[in-house]
Amino acid sequence: MALRDIADNAAVAAQLSAVIRSGKVVHAFLLAGGSPDGRLRLGNEFAKALLCESGGGDSCGKCLSCVKFDDGNAEDLIRISLREGRKSILTEQIEELQGRLLYKPYGRKYVVLIEDAGLMNEASQNKLLKSLEEPAGATVMILLAQGTDSLLPTVVSRCSTYHLQGGAGAGSEAREAAVALLREVLAGAPYYRKKQAVAALIERGRTDAGQVCAEFTDAFEEALRDELVRVHGTPKAAETGDRLLEAAAACAEARKQIMQGQSAAYSVKQLCLRI
Ligand SMILES: [Zn+2]
C-alpha cells in the first residue's frame, strides 16, 4: 500500500505526496479527524513515503526502506502509542524519544509517528513541545489525533494540520458494531461470533472507553427497537420477540456497568455472553 492507494482521504494523501515531492517537508504534521483506522492508515503510509529512498513523493514498495517498513523493521520509524493498561502517553515515553533523537538516524531522517497524540497529558505535550520548537536534526513528526481540542494550542501551532474525512468516527463505528451484533443475535450465533462482531469496538474501548461504548449501547438499543418494530405483528414476532427483549435488558445492564466505571471492554463482552 502507498499514499496513492488511500481511498477515504485521497485528497489529503495527494497533498502530502506533493509536499514530499516539493522537498519542503516541515518538521511536524498533525492529521486530525476521520476514523481511527483511516487516520492510522494515512499516518503509516505518509511515514513510509517520507522514509522511501525513491524520492518520488510516495513509497515505491521496492527500496530497502519500503521493504523494511512493510516487515515492521524500519529503523528510523519511531512509533509512540498508548502503553498497555495506561490511559495517557507518559512523559517518560517522550523523554525516551528525545534520548533517541540525539543519535543519528540509520538513513537520512527519523520519522516519529505519535498514534494517539490526543492522549498525551499536558506534561507530555509540554515536553514534546521542546522537540517541536528545536527539532533535533532531520526529524519529521506525525501526530494523529481525533481532534485538535485535546492538544495544547502551542503544539497545534507548530504543526502543519490536515483535517481528514471519514465520517463521524466513533459514532459510525459504534453503529456498525451494533448492526453486526444484531445480525448475529438474530442468527442465534455462538458467543465467539458475537464477540467478533464487536471486536474492533472492544479494542478501541481500551483507550477511550466511556464514550465509544456508551455510543455503542445506544446504537444497539436503537437497532433492537427497530427490529422489534419491524417484526411486530408478523409470524417472526413470536420467534424473535423474546430474544430481542432479553438483548435489550442485557444492553441496559451493560450501559449501567459502564456508567458505574466497569471496564467497557469487559461490559461489552459480558453483553455478548448474555444474549
Ligand atoms: Zn521505497
# chains A, B, ... in the order shown; residues from 1 in each chain; ligands from 1
$ closest_atom_pairs --of "region 105-127 of chain A" --to "region 18-39 of chain A" --cutoff "12 Å" --atoms "only C-alpha atoms" --output "tab-separated table"
residue	atom	partner	partner_atom	distance
A:Lys109	CA	A:His27	CA	10.9
A:Tyr110	CA	A:His27	CA	10.5
A:Val111	CA	A:His27	CA	9.5
A:Val112	CA	A:Ala28	CA	9.1
A:Leu113	CA	A:Phe29	CA	9.7
A:Ile114	CA	A:Leu30	CA	9.5
A:Glu115	CA	A:Arg39	CA	8.9
A:Asp116	CA	A:Pro36	CA	9.5
A:Ala117	CA	A:Leu30	CA	8.9
A:Gly118	CA	A:Ala32	CA	9.5
$ closest_atom_pairs --of "region 132-226 of chain A" --to "region 74-77 of chain A" --cutoff "10 Å" --atoms "only C-alpha atoms" --output "CSV"
residue,atom,partner,partner_atom,distance
A:Thr139,CA,A:Asp76,CA,9.5
A:Val140,CA,A:Leu77,CA,9.8
A:Met141,CA,A:Leu77,CA,9.9
$ residues_around --residues "Gly55 (chain A)" --least-positions-apart "2" --cutoff "12 Å" --atoms "only C-alpha atoms" --output "list in words"
Ser17, Ala18, Val19, Ile20, Arg21, Ser22, Gly23, Lys48, Ala49, Leu50, Leu51, Cys52, Glu53, Gly57, Asp58, Ser59, Cys60, Cys63, Ser65, Cys66 and Arg108 of chain A
$ write_last_selection --atoms "N, CA and C atoms" --output "PDB file, in the first residue's frame"
ATOM      1  N   SER A  17       1.655  13.812  -0.501  1.00  0.00           N
ATOM      2  CA  SER A  17       2.583  13.321  -1.514  1.00  0.00           C
ATOM      3  C   SER A  17       3.255  14.499  -2.223  1.00  0.00           C
ATOM      4  N   ALA A  18       2.470  15.525  -2.503  1.00  0.00           N
ATOM      5  CA  ALA A  18       3.002  16.720  -3.182  1.00  0.00           C
ATOM      6  C   ALA A  18       4.010  17.442  -2.291  1.00  0.00           C
ATOM      7  N   VAL A  19       3.738  17.446  -0.983  1.00  0.00           N
ATOM      8  CA  VAL A  19       4.666  18.097  -0.039  1.00  0.00           C
ATOM      9  C   VAL A  19       6.025  17.385  -0.087  1.00  0.00           C
ATOM     10  N   ILE A  20       6.002  16.045  -0.092  1.00  0.00           N
ATOM     11  CA  ILE A  20       7.266  15.295  -0.122  1.00  0.00           C
ATOM     12  C   ILE A  20       7.997  15.588  -1.440  1.00  0.00           C
ATOM     13  N   ARG A  21       7.244  15.574  -2.527  1.00  0.00           N
ATOM     14  CA  ARG A  21       7.836  15.802  -3.853  1.00  0.00           C
ATOM     15  C   ARG A  21       8.490  17.182  -3.928  1.00  0.00           C
ATOM     16  N   SER A  22       7.841  18.161  -3.299  1.00  0.00           N
ATOM     17  CA  SER A  22       8.348  19.539  -3.367  1.00  0.00           C
ATOM     18  C   SER A  22       9.635  19.706  -2.555  1.00  0.00           C
ATOM     19  N   GLY A  23       9.880  18.742  -1.660  1.00  0.00           N
ATOM     20  CA  GLY A  23      11.088  18.846  -0.832  1.00  0.00           C
ATOM     21  C   GLY A  23      10.925  19.823   0.316  1.00  0.00           C
ATOM     22  N   LYS A  48       5.820   5.964   5.639  1.00  0.00           N
ATOM     23  CA  LYS A  48       6.529   5.089   4.700  1.00  0.00           C
ATOM     24  C   LYS A  48       7.045   5.893   3.503  1.00  0.00           C
ATOM     25  N   ALA A  49       6.191   6.797   3.004  1.00  0.00           N
ATOM     26  CA  ALA A  49       6.570   7.619   1.851  1.00  0.00           C
ATOM     27  C   ALA A  49       7.719   8.568   2.215  1.00  0.00           C
ATOM     28  N   LEU A  50       7.699   9.093   3.438  1.00  0.00           N
ATOM     29  CA  LEU A  50       8.766  10.007   3.874  1.00  0.00           C
ATOM     30  C   LEU A  50      10.112   9.284   3.952  1.00  0.00           C
ATOM     31  N   LEU A  51      10.057   8.008   4.339  1.00  0.00           N
ATOM     32  CA  LEU A  51      11.294   7.243   4.512  1.00  0.00           C
ATOM     33  C   LEU A  51      11.771   6.600   3.218  1.00  0.00           C
ATOM     34  N   CYS A  52      10.892   6.488   2.236  1.00  0.00           N
ATOM     35  CA  CYS A  52      11.223   5.813   0.969  1.00  0.00           C
ATOM     36  C   CYS A  52      12.422   6.491   0.306  1.00  0.00           C
ATOM     37  N   GLU A  53      13.280   5.674  -0.289  1.00  0.00           N
ATOM     38  CA  GLU A  53      14.513   6.193  -0.897  1.00  0.00           C
ATOM     39  C   GLU A  53      14.313   6.631  -2.344  1.00  0.00           C
ATOM     40  N   GLY A  57       7.928  11.086  -3.944  1.00  0.00           N
ATOM     41  CA  GLY A  57       6.768  11.681  -3.278  1.00  0.00           C
ATOM     42  C   GLY A  57       5.824  10.647  -2.698  1.00  0.00           C
ATOM     43  N   ASP A  58       6.062   9.385  -3.010  1.00  0.00           N
ATOM     44  CA  ASP A  58       5.236   8.315  -2.442  1.00  0.00           C
ATOM     45  C   ASP A  58       6.157   7.115  -2.226  1.00  0.00           C
ATOM     46  N   SER A  59       5.676   6.111  -1.503  1.00  0.00           N
ATOM     47  CA  SER A  59       6.535   4.947  -1.298  1.00  0.00           C
ATOM     48  C   SER A  59       6.560   4.108  -2.576  1.00  0.00           C
ATOM     49  N   CYS A  60       7.734   3.513  -2.854  1.00  0.00           N
ATOM     50  CA  CYS A  60       7.867   2.723  -4.089  1.00  0.00           C
ATOM     51  C   CYS A  60       7.554   1.260  -3.831  1.00  0.00           C
ATOM     52  N   CYS A  63      12.257  -0.329  -2.549  1.00  0.00           N
ATOM     53  CA  CYS A  63      13.569   0.002  -1.963  1.00  0.00           C
ATOM     54  C   CYS A  63      13.716  -0.678  -0.600  1.00  0.00           C
ATOM     55  N   SER A  65      14.203   0.563   2.275  1.00  0.00           N
ATOM     56  CA  SER A  65      13.415   1.217   3.323  1.00  0.00           C
ATOM     57  C   SER A  65      11.958   0.750   3.286  1.00  0.00           C
ATOM     58  N   CYS A  66      11.377   0.703   2.090  1.00  0.00           N
ATOM     59  CA  CYS A  66       9.974   0.260   1.965  1.00  0.00           C
ATOM     60  C   CYS A  66       9.810  -1.198   2.392  1.00  0.00           C
ATOM     61  N   ARG A 108      18.404   8.828   6.205  1.00  0.00           N
ATOM     62  CA  ARG A 108      18.520  10.288   6.132  1.00  0.00           C
ATOM     63  C   ARG A 108      17.790  11.011   7.262  1.00  0.00           C
TER      64      ARG A 108
END
$ atom_distance --atom1 "CA of Glu221 (chain A)" --atom2 "CA of Ala248 (chain A)"
6.0 Å
$ select_by_dssp --residues "region 140-243 of chain A" --states "helix (DSSP H, G or I)" --output "VMD selection string"
chain A and resid 153 to 157 170 to 186 191 to 197 199 to 231 236 to 243
$ write_last_selection --atoms "C-alpha atoms" --output "PDB file, in the first residue's frame"
ATOM      1  CA  PRO A 153      -2.581  25.411  21.130  1.00  0.00           C
ATOM      2  CA  THR A 154       1.213  25.764  21.249  1.00  0.00           C
ATOM      3  CA  VAL A 155       1.566  22.180  19.954  1.00  0.00           C
ATOM      4  CA  VAL A 156      -1.027  22.662  17.207  1.00  0.00           C
ATOM      5  CA  SER A 157       0.581  25.915  16.088  1.00  0.00           C
ATOM      6  CA  ALA A 170     -16.585   6.584  16.826  1.00  0.00           C
ATOM      7  CA  GLY A 171     -20.282   7.168  16.171  1.00  0.00           C
ATOM      8  CA  SER A 172     -20.380   5.327  12.875  1.00  0.00           C
ATOM      9  CA  GLU A 173     -18.122   2.611  14.253  1.00  0.00           C
ATOM     10  CA  ALA A 174     -20.499   2.076  17.160  1.00  0.00           C
ATOM     11  CA  ARG A 175     -23.452   1.829  14.768  1.00  0.00           C
ATOM     12  CA  GLU A 176     -21.638  -0.663  12.539  1.00  0.00           C
ATOM     13  CA  ALA A 177     -20.807  -2.839  15.538  1.00  0.00           C
ATOM     14  CA  ALA A 178     -24.406  -2.632  16.782  1.00  0.00           C
ATOM     15  CA  VAL A 179     -25.823  -3.732  13.429  1.00  0.00           C
ATOM     16  CA  ALA A 180     -23.260  -6.555  13.174  1.00  0.00           C
ATOM     17  CA  LEU A 181     -24.104  -7.781  16.675  1.00  0.00           C
ATOM     18  CA  LEU A 182     -27.851  -7.692  15.996  1.00  0.00           C
ATOM     19  CA  ARG A 183     -27.298  -9.789  12.872  1.00  0.00           C
ATOM     20  CA  GLU A 184     -25.508 -12.443  14.957  1.00  0.00           C
ATOM     21  CA  VAL A 185     -28.194 -12.346  17.654  1.00  0.00           C
ATOM     22  CA  LEU A 186     -30.928 -12.898  15.065  1.00  0.00           C
ATOM     23  CA  TYR A 191     -20.550 -16.277  21.655  1.00  0.00           C
ATOM     24  CA  TYR A 192     -17.340 -16.148  19.631  1.00  0.00           C
ATOM     25  CA  ARG A 193     -19.182 -14.768  16.597  1.00  0.00           C
ATOM     26  CA  LYS A 194     -20.918 -12.112  18.670  1.00  0.00           C
ATOM     27  CA  LYS A 195     -17.587 -11.174  20.195  1.00  0.00           C
ATOM     28  CA  GLN A 196     -16.127 -10.945  16.714  1.00  0.00           C
ATOM     29  CA  ALA A 197     -18.874  -8.511  15.723  1.00  0.00           C
ATOM     30  CA  ALA A 199     -14.023  -6.895  18.384  1.00  0.00           C
ATOM     31  CA  ALA A 200     -12.936  -3.571  16.856  1.00  0.00           C
ATOM     32  CA  LEU A 201     -15.077  -1.719  19.358  1.00  0.00           C
ATOM     33  CA  ILE A 202     -13.563  -3.593  22.291  1.00  0.00           C
ATOM     34  CA  GLU A 203     -10.077  -2.780  21.026  1.00  0.00           C
ATOM     35  CA  ARG A 204     -10.969   0.891  20.831  1.00  0.00           C
ATOM     36  CA  GLY A 205     -12.799   0.709  24.115  1.00  0.00           C
ATOM     37  CA  ARG A 206      -9.482   0.144  25.835  1.00  0.00           C
ATOM     38  CA  THR A 207      -8.386   3.686  25.032  1.00  0.00           C
ATOM     39  CA  ASP A 208     -11.475   5.874  25.069  1.00  0.00           C
ATOM     40  CA  ALA A 209     -13.846   3.514  26.745  1.00  0.00           C
ATOM     41  CA  GLY A 210     -16.658   5.632  28.107  1.00  0.00           C
ATOM     42  CA  GLN A 211     -17.751   7.497  25.028  1.00  0.00           C
ATOM     43  CA  VAL A 212     -17.368   4.739  22.437  1.00  0.00           C
ATOM     44  CA  CYS A 213     -19.173   2.112  24.473  1.00  0.00           C
ATOM     45  CA  ALA A 214     -21.932   4.495  25.525  1.00  0.00           C
ATOM     46  CA  GLU A 215     -22.480   5.216  21.825  1.00  0.00           C
ATOM     47  CA  PHE A 216     -22.466   1.504  21.154  1.00  0.00           C
ATOM     48  CA  THR A 217     -25.097   0.671  23.791  1.00  0.00           C
ATOM     49  CA  ASP A 218     -27.297   3.493  22.434  1.00  0.00           C
ATOM     50  CA  ALA A 219     -26.868   2.241  18.879  1.00  0.00           C
ATOM     51  CA  PHE A 220     -27.514  -1.379  19.852  1.00  0.00           C
ATOM     52  CA  GLU A 221     -30.652  -0.459  21.760  1.00  0.00           C
ATOM     53  CA  GLU A 222     -31.888   1.524  18.770  1.00  0.00           C
ATOM     54  CA  ALA A 223     -31.156  -1.386  16.424  1.00  0.00           C
ATOM     55  CA  LEU A 224     -33.082  -3.763  18.722  1.00  0.00           C
ATOM     56  CA  ARG A 225     -36.037  -1.392  18.907  1.00  0.00           C
ATOM     57  CA  ASP A 226     -36.113  -1.016  15.114  1.00  0.00           C
ATOM     58  CA  GLU A 227     -36.056  -4.775  14.699  1.00  0.00           C
ATOM     59  CA  LEU A 228     -38.875  -5.224  17.238  1.00  0.00           C
ATOM     60  CA  VAL A 229     -40.992  -2.717  15.316  1.00  0.00           C
ATOM     61  CA  ARG A 230     -40.115  -4.438  12.062  1.00  0.00           C
ATOM     62  CA  VAL A 231     -41.194  -7.923  13.200  1.00  0.00           C
ATOM     63  CA  LYS A 236     -41.444 -13.803  13.194  1.00  0.00           C
ATOM     64  CA  ALA A 237     -42.528 -11.833  16.263  1.00  0.00           C
ATOM     65  CA  ALA A 238     -43.092 -14.953  18.364  1.00  0.00           C
ATOM     66  CA  GLU A 239     -39.777 -16.390  17.305  1.00  0.00           C
ATOM     67  CA  THR A 240     -37.527 -13.376  17.852  1.00  0.00           C
ATOM     68  CA  GLY A 241     -39.521 -11.032  20.120  1.00  0.00           C
ATOM     69  CA  ASP A 242     -38.326 -12.553  23.395  1.00  0.00           C
ATOM     70  CA  ARG A 243     -34.752 -12.749  22.224  1.00  0.00           C
TER      71      ARG A 243
END
$ closest_residue --among "A:Arg79, A:Lys68, A:Arg41, A:Lys62" --to "ligand 1" --atoms "only C-alpha atoms and all ligand atoms"
A:Lys62
$ select_by_dssp --residues "region 42-228 of chain A" --states "strand (DSSP E)" --output "list of chain:residue names"
A:Leu77, A:Ile78, A:Arg79, A:Ile80, A:Tyr110, A:Val111, A:Val112, A:Leu113, A:Ile114, A:Thr139, A:Val140, A:Met141, A:Ile142, A:Leu143, A:Leu144, A:Ala145, A:Ser160, A:Thr161, A:Tyr162, A:His163, A:Leu164
$ write_last_selection --atoms "C-alpha atoms" --output "mmCIF file, in the first residue's frame"
data_model
loop_
_atom_site.group_PDB
_atom_site.id
_atom_site.type_symbol
_atom_site.label_atom_id
_atom_site.label_comp_id
_atom_site.auth_asym_id
_atom_site.auth_seq_id
_atom_site.Cartn_x
_atom_site.Cartn_y
_atom_site.Cartn_z
ATOM 1 C CA LEU A 77 10.481 4.958 12.299
ATOM 2 C CA ILE A 78 9.737 5.724 15.925
ATOM 3 C CA ARG A 79 6.204 4.825 16.867
ATOM 4 C CA ILE A 80 4.635 6.180 20.029
ATOM 5 C CA TYR A 110 13.775 9.917 11.619
ATOM 6 C CA VAL A 111 10.034 9.775 11.255
ATOM 7 C CA VAL A 112 8.130 9.864 14.541
ATOM 8 C CA LEU A 113 4.546 8.651 14.434
ATOM 9 C CA ILE A 114 2.535 9.560 17.532
ATOM 10 C CA THR A 139 13.206 14.602 12.080
ATOM 11 C CA VAL A 140 9.623 14.609 10.870
ATOM 12 C CA MET A 141 6.885 14.148 13.440
ATOM 13 C CA ILE A 142 3.417 12.967 12.509
ATOM 14 C CA LEU A 143 0.770 13.445 15.181
ATOM 15 C CA LEU A 144 -2.528 11.601 14.825
ATOM 16 C CA ALA A 145 -5.485 12.889 16.822
ATOM 17 C CA SER A 160 1.073 21.669 9.611
ATOM 18 C CA THR A 161 -2.507 20.442 10.137
ATOM 19 C CA TYR A 162 -4.611 18.335 7.778
ATOM 20 C CA HIS A 163 -8.250 17.540 8.523
ATOM 21 C CA LEU A 164 -9.367 14.082 7.499
#
$ closest_residue --among "A:Leu64, A:Leu16, A:Leu128, A:Leu3" --to "ligand 1" --atoms "only C-alpha atoms and all ligand atoms"
A:Leu64
$ closest_residue --among "A:Val67, A:Leu273, A:Ala250, A:Ala47" --to "ligand 1" --atoms "only C-alpha atoms and all ligand atoms"
A:Val67
$ atom_distance --atom1 "CA of Leu90 (chain A)" --atom2 "CA of Asn44 (chain A)"
21.9 Å
$ atom_distance --atom1 "CA of Ala13 (chain A)" --atom2 "CA of Leu97 (chain A)"
26.3 Å
$ closest_residue --among "A:Leu102, A:Cys272, A:Cys159, A:Leu119" --to "Ala254 (chain A)" --atoms "only C-alpha atoms"
A:Cys272
